[in-house]
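Shown here: final-v1.pdb, PDB, C-alpha atoms.
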ATOM      1  CA  MET A   1     -30.988-128.033  88.090
ATOM      2  CA  LYS A   2     -30.506-124.363  88.876
ATOM      3  CA  ARG A   3     -29.840-125.159  92.547
ATOM      4  CA  LEU A   4     -27.300-127.820  91.569
ATOM      5  CA  ASN A   5     -25.539-125.386  89.249
ATOM      6  CA  THR A   6     -25.446-122.775  91.993
ATOM      7  CA  LEU A   7     -24.030-125.271  94.476
ATOM      8  CA  GLY A   8     -21.416-126.409  91.994
ATOM      9  CA  CYS A   9     -20.357-122.821  91.338
ATOM     10  CA  CYS A  10     -20.069-122.159  95.068
ATOM     11  CA  ILE A  11     -17.856-125.227  95.493
ATOM     12  CA  VAL A  12     -15.617-124.127  92.628
ATOM     13  CA  GLY A  13     -15.452-120.640  94.121
ATOM     14  CA  LEU A  14     -14.501-121.980  97.552
ATOM     15  CA  ILE A  15     -11.816-124.206  96.087
ATOM     16  CA  LEU A  16     -10.398-121.276  94.133
ATOM     17  CA  VAL A  17     -10.404-118.973  97.147
ATOM     18  CA  GLY A  18      -8.739-121.659  99.248
ATOM     19  CA  THR A  19      -6.004-122.099  96.669
ATOM     20  CA  VAL A  20      -5.468-118.372  96.352
ATOM     21  CA  ALA A  21      -5.367-117.792 100.081
ATOM     22  CA  ALA A  22      -2.838-120.578 100.538
ATOM     23  CA  ASP A  23      -0.510-119.446  97.782
ATOM     24  CA  HIS A  24      -0.926-115.665  97.844
ATOM     25  CA  PRO A  25      -2.828-114.232 100.829
ATOM     26  CA  LYS A  26      -3.150-110.732  99.346
ATOM     27  CA  VAL A  27      -4.646-112.027  96.107
ATOM     28  CA  ALA A  28      -7.714-113.266  97.984
ATOM     29  CA  GLU A  29      -8.480-109.672  98.958
ATOM     30  CA  GLY A  30      -8.162-108.570  95.342
ATOM     31  CA  ILE A  31     -10.616-111.123  93.938
ATOM     32  CA  GLU A  32     -13.107-111.159  96.790
ATOM     33  CA  GLU A  33     -15.283-108.581  95.056
ATOM     34  CA  PHE A  34     -15.367-110.608  91.847
ATOM     35  CA  LEU A  35     -16.367-113.805  93.629
ATOM     36  CA  ARG A  36     -19.620-112.229  94.758
ATOM     37  CA  PHE A  37     -20.889-112.934  91.241
ATOM     38  CA  GLU A  38     -22.215-116.454  90.844
ATOM     39  CA  SER A  39     -20.011-118.735  88.707
ATOM     40  CA  LEU A  40     -17.581-115.922  87.831
ATOM     41  CA  ALA A  41     -14.609-118.079  88.807
ATOM     42  CA  GLU A  42     -15.466-120.465  85.962
ATOM     43  CA  ARG A  43     -15.462-117.800  83.283
ATOM     44  CA  LYS A  44     -12.518-117.530  80.951
ATOM     45  CA  PRO A  45     -12.073-113.730  81.352
ATOM     46  CA  PHE A  46     -11.641-114.208  85.102
ATOM     47  CA  GLN A  47      -9.294-117.150  84.594
ATOM     48  CA  ARG A  48      -7.166-115.067  82.214
ATOM     49  CA  PHE A  49      -7.112-112.228  84.736
ATOM     50  CA  TYR A  50      -6.022-114.568  87.532
ATOM     51  CA  TRP A  51      -3.326-116.225  85.410
ATOM     52  CA  VAL A  52      -1.817-112.856  84.418
ATOM     53  CA  TRP A  53      -1.844-111.671  88.029
ATOM     54  CA  ARG A  54      -0.081-114.816  89.252
ATOM     55  CA  GLN A  55       2.742-114.319  86.757
ATOM     56  CA  ARG A  56       3.368-110.809  88.069
ATOM     57  CA  ALA A  57       2.754-111.394  91.756
ATOM     58  CA  ALA A  58       4.242-114.838  92.440
ATOM     59  CA  PRO A  59       5.587-115.897  94.841
ATOM     60  CA  ILE A  60       4.959-113.058  97.325
ATOM     61  CA  GLY A  61       1.408-112.052  96.401
ATOM     62  CA  ARG A  62       2.225-108.587  95.029
ATOM     63  CA  VAL A  63       4.378-106.868  92.419
ATOM     64  CA  PRO A  64       7.611-105.840  94.211
ATOM     65  CA  ALA A  65       8.499-102.161  94.354
ATOM     66  CA  GLY A  66      11.162-101.266  91.801
ATOM     67  CA  ALA A  67      10.665-104.434  89.741
ATOM     68  CA  LEU A  68      10.214-102.534  86.466
ATOM     69  CA  LEU A  69      13.310-100.423  87.054
ATOM     70  CA  ARG A  70      15.415-103.503  87.825
ATOM     71  CA  ALA A  71      14.084-105.236  84.717
ATOM     72  CA  LYS A  72      14.973-102.202  82.596
ATOM     73  CA  ARG A  73      18.535-102.240  83.935
ATOM     74  CA  GLN A  74      18.829-105.943  83.137
ATOM     75  CA  ILE A  75      17.611-105.298  79.582
ATOM     76  CA  ASP A  76      20.173-102.510  79.166
ATOM     77  CA  ALA A  77      22.937-104.798  80.457
ATOM     78  CA  LEU A  78      21.953-107.583  78.062
ATOM     79  CA  ALA A  79      21.831-105.129  75.162
ATOM     80  CA  THR A  80      25.368-103.978  75.965
ATOM     81  CA  GLU A  81      26.646-107.546  76.185
ATOM     82  CA  SER A  82      25.088-108.553  72.877
ATOM     83  CA  ALA A  83      25.939-105.373  70.962
ATOM     84  CA  GLY A  84      28.486-107.202  68.827
ATOM     85  CA  ALA A  85      26.405-110.316  68.245
ATOM     86  CA  THR A  86      24.775-111.125  64.910
ATOM     87  CA  HIS A  87      20.999-111.429  64.904
ATOM     88  CA  SER A  88      18.456-112.395  62.293
ATOM     89  CA  THR A  89      16.689-109.480  60.637
ATOM     90  CA  PHE A  90      12.945-109.226  61.143
ATOM     91  CA  HIS A  91      10.626-106.818  59.376
ATOM     92  CA  TRP A  92       7.548-105.555  61.180
ATOM     93  CA  ILE A  93       4.394-104.248  59.529
ATOM     94  CA  ASN A  94       2.114-101.788  61.296
ATOM     95  CA  VAL A  95      -1.423-103.176  61.487
ATOM     96  CA  GLY A  96      -2.906-100.575  63.864
ATOM     97  CA  ALA A  97      -3.744 -98.650  65.840
ATOM     98  CA  ALA A  98      -7.264-100.028  65.897
ATOM     99  CA  PRO A  99      -9.561-101.728  68.403
ATOM    100  CA  ILE A 100      -9.171-105.487  68.808
ATOM    101  CA  ALA A 101     -12.309-107.071  67.353
ATOM    102  CA  GLY A 102     -13.959-109.290  69.957
ATOM    103  CA  GLY A 103     -11.318-108.330  72.497
ATOM    104  CA  ARG A 104     -13.783-107.488  75.245
ATOM    105  CA  VAL A 105     -15.832-110.204  76.941
ATOM    106  CA  GLY A 106     -17.651-108.929  80.011
ATOM    107  CA  LEU A 107     -20.547-109.644  82.312
ATOM    108  CA  THR A 108     -22.572-107.044  80.418
ATOM    109  CA  GLY A 109     -22.548-106.045  76.782
ATOM    110  CA  GLY A 110     -21.348-109.358  75.373
ATOM    111  CA  VAL A 111     -18.397-109.586  72.979
ATOM    112  CA  ARG A 112     -17.316-106.223  71.575
ATOM    113  CA  PRO A 113     -14.222-104.372  70.291
ATOM    114  CA  MET A 114     -11.594-103.452  72.872
ATOM    115  CA  SER A 115      -9.136-100.551  73.035
ATOM    116  CA  GLY A 116      -6.732 -99.538  75.765
ATOM    117  CA  ARG A 117      -7.226 -96.413  77.861
ATOM    118  CA  VAL A 118      -5.589 -93.096  76.983
ATOM    119  CA  ALA A 119      -4.428 -91.378  80.162
ATOM    120  CA  ASP A 120      -3.431 -87.993  78.728
ATOM    121  CA  ILE A 121      -3.065 -85.967  75.524
ATOM    122  CA  ALA A 122      -0.613 -83.115  74.936
ATOM    123  CA  VAL A 123      -0.652 -80.845  71.871
ATOM    124  CA  ASP A 124       2.514 -79.055  70.780
ATOM    125  CA  PRO A 125       1.898 -75.309  71.355
ATOM    126  CA  GLY A 126       3.985 -74.568  68.270
ATOM    127  CA  ASN A 127       2.444 -77.167  65.933
ATOM    128  CA  ALA A 128      -1.250 -78.043  66.130
ATOM    129  CA  ALA A 129      -0.707 -81.279  64.152
ATOM    130  CA  HIS A 130       1.893 -82.600  66.602
ATOM    131  CA  TRP A 131       0.354 -84.572  69.475
ATOM    132  CA  LEU A 132       1.604 -86.898  72.193
ATOM    133  CA  ILE A 133      -0.609 -89.340  74.067
ATOM    134  CA  GLY A 134       0.056 -91.485  77.109
ATOM    135  CA  ALA A 135      -1.574 -94.924  77.140
ATOM    136  CA  ALA A 136      -2.635 -96.708  80.316
ATOM    137  CA  GLN A 137      -0.041 -99.457  79.920
ATOM    138  CA  GLY A 138       1.144 -98.683  76.397
ATOM    139  CA  GLY A 139       3.674 -95.886  76.826
ATOM    140  CA  ILE A 140       3.974 -92.640  74.863
ATOM    141  CA  TRP A 141       2.770 -92.371  71.259
ATOM    142  CA  GLU A 142       3.442 -89.513  68.841
ATOM    143  CA  THR A 143       1.723 -88.192  65.726
ATOM    144  CA  ARG A 144       2.921 -85.313  63.560
ATOM    145  CA  ASP A 145       0.016 -85.420  61.110
ATOM    146  CA  ALA A 146      -2.949 -84.806  63.444
ATOM    147  CA  GLY A 147      -3.535 -88.470  64.195
ATOM    148  CA  ALA A 148      -3.280 -90.001  60.713
ATOM    149  CA  THR A 149      -0.199 -92.026  61.721
ATOM    150  CA  TRP A 150       1.324 -92.878  65.101
ATOM    151  CA  SER A 151       4.720 -94.010  66.400
ATOM    152  CA  ALA A 152       5.574 -95.562  69.761
ATOM    153  CA  ARG A 153       8.200 -93.462  71.539
ATOM    154  CA  SER A 154       8.875 -94.938  74.978
ATOM    155  CA  ASP A 155       8.956 -98.715  74.591
ATOM    156  CA  ASP A 156      12.498 -98.787  76.010
ATOM    157  CA  GLN A 157      11.664 -96.871  79.184
ATOM    158  CA  VAL A 158      11.279 -98.046  82.782
ATOM    159  CA  SER A 159       7.476 -97.948  82.723
ATOM    160  CA  LEU A 160       4.742 -98.019  80.089
ATOM    161  CA  ALA A 161       2.060 -96.950  82.569
ATOM    162  CA  MET A 162       1.452 -93.292  81.783
ATOM    163  CA  GLY A 163      -0.202 -90.596  83.861
ATOM    164  CA  ALA A 164       0.446 -87.139  82.384
ATOM    165  CA  ILE A 165       2.375 -85.413  79.578
ATOM    166  CA  ALA A 166       3.192 -81.706  79.237
ATOM    167  CA  PHE A 167       5.057 -79.609  76.673
ATOM    168  CA  ALA A 168       7.060 -76.654  77.957
ATOM    169  CA  PRO A 169       4.978 -73.730  76.602
ATOM    170  CA  GLY A 170       8.020 -71.521  76.059
ATOM    171  CA  ASN A 171      10.136 -74.275  74.485
ATOM    172  CA  PRO A 172       8.052 -77.125  72.977
ATOM    173  CA  SER A 173      11.136 -79.220  72.264
ATOM    174  CA  ILE A 174      11.160 -79.961  76.012
ATOM    175  CA  VAL A 175       8.436 -82.341  77.164
ATOM    176  CA  TYR A 176       7.839 -84.051  80.505
ATOM    177  CA  ALA A 177       5.944 -87.306  81.075
ATOM    178  CA  GLY A 178       4.954 -88.766  84.420
ATOM    179  CA  THR A 179       4.606 -92.529  84.730
ATOM    180  CA  GLY A 180       1.863 -94.235  86.728
ATOM    181  CA  GLU A 181      -1.808 -94.111  85.755
ATOM    182  CA  ALA A 182      -3.816 -92.065  88.268
ATOM    183  CA  VAL A 183      -7.252 -93.686  88.008
ATOM    184  CA  TYR A 184      -7.520 -95.663  91.296
ATOM    185  CA  SER A 185      -8.246 -98.832  89.340
ATOM    186  CA  THR A 186      -7.107-102.313  90.327
ATOM    187  CA  ASP A 187      -5.799-102.869  86.796
ATOM    188  CA  ALA A 188      -3.743 -99.657  86.809
ATOM    189  CA  TYR A 189      -0.045 -99.499  87.607
ATOM    190  CA  GLY A 190       1.984 -97.163  89.767
ATOM    191  CA  GLY A 191       4.876 -95.377  88.120
ATOM    192  CA  ALA A 192       8.656 -95.588  88.067
ATOM    193  CA  GLY A 193       9.624 -91.926  87.742
ATOM    194  CA  LEU A 194       9.551 -88.844  85.522
ATOM    195  CA  LEU A 195      10.624 -88.892  81.858
ATOM    196  CA  ARG A 196      11.979 -85.931  79.877
ATOM    197  CA  SER A 197      12.407 -85.329  76.152
ATOM    198  CA  THR A 198      14.533 -82.589  74.603
ATOM    199  CA  ASP A 199      13.502 -83.233  70.988
ATOM    200  CA  GLY A 200       9.752 -82.747  71.143
ATOM    201  CA  GLY A 201       8.881 -86.254  72.300
ATOM    202  CA  GLN A 202      10.811 -88.511  69.923
ATOM    203  CA  ASN A 203      13.342 -89.699  72.503
ATOM    204  CA  TRP A 204      12.976 -89.963  76.263
ATOM    205  CA  GLN A 205      15.214 -90.293  79.293
ATOM    206  CA  LEU A 206      14.424 -91.051  82.917
ATOM    207  CA  VAL A 207      15.154 -87.828  84.806
ATOM    208  CA  THR A 208      14.468 -89.145  88.288
ATOM    209  CA  ASP A 209      12.719 -92.002  90.033
ATOM    210  CA  ALA A 210      12.485 -90.491  93.534
ATOM    211  CA  PRO A 211      10.068 -89.282  94.797
ATOM    212  CA  PHE A 212       7.697 -90.935  92.332
ATOM    213  CA  VAL A 213       8.309 -94.705  92.336
ATOM    214  CA  GLY A 214       5.107 -96.538  93.244
ATOM    215  CA  ASN A 215       2.878 -93.474  92.956
ATOM    216  CA  SER A 216       0.956 -92.179  89.937
ATOM    217  CA  VAL A 217       1.203 -88.806  88.209
ATOM    218  CA  SER A 218      -2.120 -87.051  87.674
ATOM    219  CA  ASP A 219      -0.899 -83.768  86.170
ATOM    220  CA  ILE A 220       2.175 -81.745  85.150
ATOM    221  CA  LEU A 221       2.497 -77.972  84.760
ATOM    222  CA  VAL A 222       5.543 -76.291  83.187
ATOM    223  CA  ASP A 223       6.333 -72.614  83.684
ATOM    224  CA  PRO A 224       5.926 -70.767  80.335
ATOM    225  CA  ALA A 225       8.880 -68.561  81.239
ATOM    226  CA  ASP A 226      11.238 -71.337  82.392
ATOM    227  CA  ALA A 227      11.193 -74.903  81.031
ATOM    228  CA  ASP A 228      13.202 -76.110  84.041
ATOM    229  CA  HIS A 229      10.515 -74.955  86.481
ATOM    230  CA  LEU A 230       7.685 -77.467  86.775
ATOM    231  CA  LEU A 231       5.150 -78.916  89.180
ATOM    232  CA  VAL A 232       3.966 -82.517  89.291
ATOM    233  CA  ALA A 233       0.806 -83.768  90.994
ATOM    234  CA  THR A 234       0.983 -87.318  92.368
ATOM    235  CA  THR A 235      -1.510 -89.681  93.947
ATOM    236  CA  TYR A 236      -1.583 -93.297  95.049
ATOM    237  CA  GLY A 237      -0.576 -95.998  92.574
ATOM    238  CA  PHE A 238      -1.621 -99.627  92.558
ATOM    239  CA  ALA A 239       0.716-102.587  92.172
ATOM    240  CA  GLY A 240      -0.879-103.969  89.039
ATOM    241  CA  ARG A 241      -3.709-106.475  89.252
ATOM    242  CA  SER A 242      -4.275-105.976  92.960
ATOM    243  CA  THR A 243      -6.155-103.781  95.378
ATOM    244  CA  SER A 244      -2.947-103.207  97.340
ATOM    245  CA  SER A 245      -0.561-100.322  96.741
ATOM    246  CA  PHE A 246       3.215-100.480  96.656
ATOM    247  CA  PRO A 247       4.819-101.050 100.057
ATOM    248  CA  ALA A 248       6.045 -97.825 101.682
ATOM    249  CA  PRO A 249       5.426 -95.505  98.697
ATOM    250  CA  PRO A 250       6.718 -91.920  98.879
ATOM    251  CA  ALA A 251       4.447 -89.114 100.041
ATOM    252  CA  THR A 252       1.875 -87.962  97.500
ATOM    253  CA  GLY A 253       1.114 -84.341  96.690
ATOM    254  CA  ILE A 254       2.341 -81.432  94.570
ATOM    255  CA  TYR A 255       6.084 -81.588  93.913
ATOM    256  CA  ARG A 256       8.123 -78.651  92.592
ATOM    257  CA  SER A 257      11.404 -78.636  90.672
ATOM    258  CA  THR A 258      13.460 -75.670  89.479
ATOM    259  CA  ASP A 259      16.225 -77.638  87.748
ATOM    260  CA  GLY A 260      14.413 -79.631  85.084
ATOM    261  CA  GLY A 261      13.346 -82.456  87.378
ATOM    262  CA  ASN A 262      16.687 -83.372  88.934
ATOM    263  CA  SER A 263      15.637 -82.369  92.462
ATOM    264  CA  TRP A 264      12.248 -81.926  94.099
ATOM    265  CA  THR A 265      10.512 -80.359  97.078
ATOM    266  CA  LEU A 266       7.062 -81.313  98.342
ATOM    267  CA  ALA A 267       5.033 -78.112  98.090
ATOM    268  CA  LEU A 268       1.661 -79.537  99.171
ATOM    269  CA  ALA A 269       0.966 -82.935 100.741
ATOM    270  CA  GLY A 270      -2.062 -85.068  99.907
ATOM    271  CA  ALA A 271      -3.467 -87.278  97.158
ATOM    272  CA  ALA A 272      -3.337 -84.754  94.299
ATOM    273  CA  THR A 273      -5.830 -85.525  91.538
ATOM    274  CA  ASP A 274      -5.593 -82.336  89.466
ATOM    275  CA  LEU A 275      -3.497 -79.200  89.050
ATOM    276  CA  GLU A 276      -4.290 -75.985  87.179
ATOM    277  CA  ARG A 277      -2.784 -72.501  86.934
ATOM    278  CA  HIS A 278      -4.071 -69.006  86.393
ATOM    279  CA  PRO A 279      -3.955 -68.188  82.643
ATOM    280  CA  SER A 280      -1.717 -65.153  83.115
ATOM    281  CA  ASP A 281       0.045 -65.859  86.414
ATOM    282  CA  PHE A 282       2.006 -69.091  86.940
ATOM    283  CA  GLY A 283       2.361 -68.188  90.599
ATOM    284  CA  ARG A 284      -1.371 -68.740  91.169
ATOM    285  CA  LEU A 285      -2.074 -72.471  91.240
ATOM    286  CA  TYR A 286      -5.133 -74.577  92.008
ATOM    287  CA  ALA A 287      -4.886 -78.190  93.189
ATOM    288  CA  GLY A 288      -7.471 -80.910  93.715
ATOM    289  CA  ILE A 289      -6.617 -82.996  96.787
ATOM    290  CA  GLY A 290      -8.328 -86.253  97.736
TER     291      GLY A 290
END

Would you write out, as structure tokens, the structure that this file holds?
Amino acid sequence: MKRLNTLGCCIVGLILVGTVAADHPKVAEGIEEFLRFESLAERKPFQRFYWVWRQRAAPIGRVPAGALLRAKRQIDALATESAGATHSTFHWINVGAAPIAGGRVGLTGGVRPMSGRVADIAVDPGNAAHWLIGAAQGGIWETRDAGATWSARSDDQVSLAMGAIAFAPGNPSIVYAGTGEAVYSTDAYGGAGLLRSTDGGQNWQLVTDAPFVGNSVSDILVDPADADHLLVATTYGFAGRSTSSFPAPPATGIYRSTDGGNSWTLALAGAATDLERHPSDFGRLYAGIG
């Protein structure tokens, strides 16, 4: 019976791979590792994963570069067109944040609670109870009571995949957030640009997309003496549920801006995974590359 089950699983796996390869050649590369596990293709978690990927990647086998930015512009256009329309009023009740009970079903550990990843945390240098966090694919969240309550702050932005957040030490009302989660994971997303807030993180605007679209931001440093002088560390970003990166992404490395993020120069090339400064000298910087 065990041999028959194994054979049946292999047949299902071959059929699935054949279908994937025919429809989306690049998807086959992304799931090849998973198919090494016997009967994985029959499991509901894998089927959910594959269904979600197909919605994002069809019909070309990858998530197109700039898709999120184009979608955001379409949303803005629709909002403008319907500004005078009458809509029904809905009232929402906050039921979280909290882990989803039974949300995780894996090969090991069985069914257990599931929470999304937090990519970065920034604490207001002028208010220890004011924090901002960046979620893996959940945007920016803010608390002003040391975590007792939270509010989503960037749901209307071009990307919810967050990499790094930094307050300006000399002016905490100015905050920068880099999109794109820098974890080298196949379920992480590359970014769509750099966001800036001038009211401590309540409202955000896209400062620039170039040279960051498709890459991920691993760190941000802001000059304590000048809130317009900042450095951003970038590394490779993935195109969603795939092992492939965005086509023709910009160069990764340490980027420097002296005008609040409007223009950039590449100060150091390479896949930058971390960036730190000397405690008393912003001119002395340390970068992790590779």

Quick one: pull the distance between atom CA of Leu231 of chain A and atom CA of Asp145 of chain A, Å, one decimal.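 Interatomic distance here is 29.3 Å.
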
Coordinates-based distance that separates atom CA of Ala146 of chain A from atom CA of Val232 of chain A (Å, one decimal): 26.9 Å

Counting only C-alpha atoms, figure out which residue out of A:Arg112, A:Leu68, A:Gln74, A:Ala251 gets nearest to Thr179 of chain A.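 Using only C-alpha atoms, the shortest distance to Thr179 of chain A belongs to A:Leu68.
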
Residues in the PyMOL selection byres ((chain A and resi 218) around 6), expressed as a PyMOL selection string: chain A and resi 163-164+182+217+219+233-234+273

Expected file: the selected residues, C-alpha atoms, as an mmCIF file, keeping the file's coordinate frame:
data_model
loop_
_atom_site.group_PDB
_atom_site.id
_atom_site.type_symbol
_atom_site.label_atom_id
_atom_site.label_comp_id
_atom_site.auth_asym_id
_atom_site.auth_seq_id
_atom_site.Cartn_x
_atom_site.Cartn_y
_atom_site.Cartn_z
ATOM 1 C CA GLY A 163 -0.202 -90.596 83.861
ATOM 2 C CA ALA A 164 0.446 -87.139 82.384
ATOM 3 C CA ALA A 182 -3.816 -92.065 88.268
ATOM 4 C CA VAL A 217 1.203 -88.806 88.209
ATOM 5 C CA ASP A 219 -0.899 -83.768 86.170
ATOM 6 C CA ALA A 233 0.806 -83.768 90.994
ATOM 7 C CA THR A 234 0.983 -87.318 92.368
ATOM 8 C CA THR A 273 -5.830 -85.525 91.538
#

Could you pull out every residue with an atom within 10 Å of (3.7, -101.1, 82.1), file coordinates, counting only C-alpha atoms, and send them as a PyMOL selection string? chain A and resi 68+135-139+155+157-162+179-181+188-192+240

On this structure, which residues satisfy the PyMOL selection byres ((chain A and resi 253-257) around 6), written as an mmCIF file with C-alpha atoms, in the frame of the given file?
data_model
loop_
_atom_site.group_PDB
_atom_site.id
_atom_site.type_symbol
_atom_site.label_atom_id
_atom_site.label_comp_id
_atom_site.auth_asym_id
_atom_site.auth_seq_id
_atom_site.Cartn_x
_atom_site.Cartn_y
_atom_site.Cartn_z
ATOM 1 C CA HIS A 229 10.515 -74.955 86.481
ATOM 2 C CA LEU A 230 7.685 -77.467 86.775
ATOM 3 C CA LEU A 231 5.150 -78.916 89.180
ATOM 4 C CA VAL A 232 3.966 -82.517 89.291
ATOM 5 C CA ALA A 233 0.806 -83.768 90.994
ATOM 6 C CA THR A 234 0.983 -87.318 92.368
ATOM 7 C CA THR A 252 1.875 -87.962 97.500
ATOM 8 C CA THR A 258 13.460 -75.670 89.479
ATOM 9 C CA ASP A 259 16.225 -77.638 87.748
ATOM 10 C CA GLY A 261 13.346 -82.456 87.378
ATOM 11 C CA SER A 263 15.637 -82.369 92.462
ATOM 12 C CA TRP A 264 12.248 -81.926 94.099
ATOM 13 C CA THR A 265 10.512 -80.359 97.078
ATOM 14 C CA LEU A 266 7.062 -81.313 98.342
ATOM 15 C CA ALA A 267 5.033 -78.112 98.090
ATOM 16 C CA LEU A 268 1.661 -79.537 99.171
ATOM 17 C CA ALA A 269 0.966 -82.935 100.741
ATOM 18 C CA GLY A 270 -2.062 -85.068 99.907
ATOM 19 C CA ALA A 271 -3.467 -87.278 97.158
ATOM 20 C CA ALA A 272 -3.337 -84.754 94.299
#
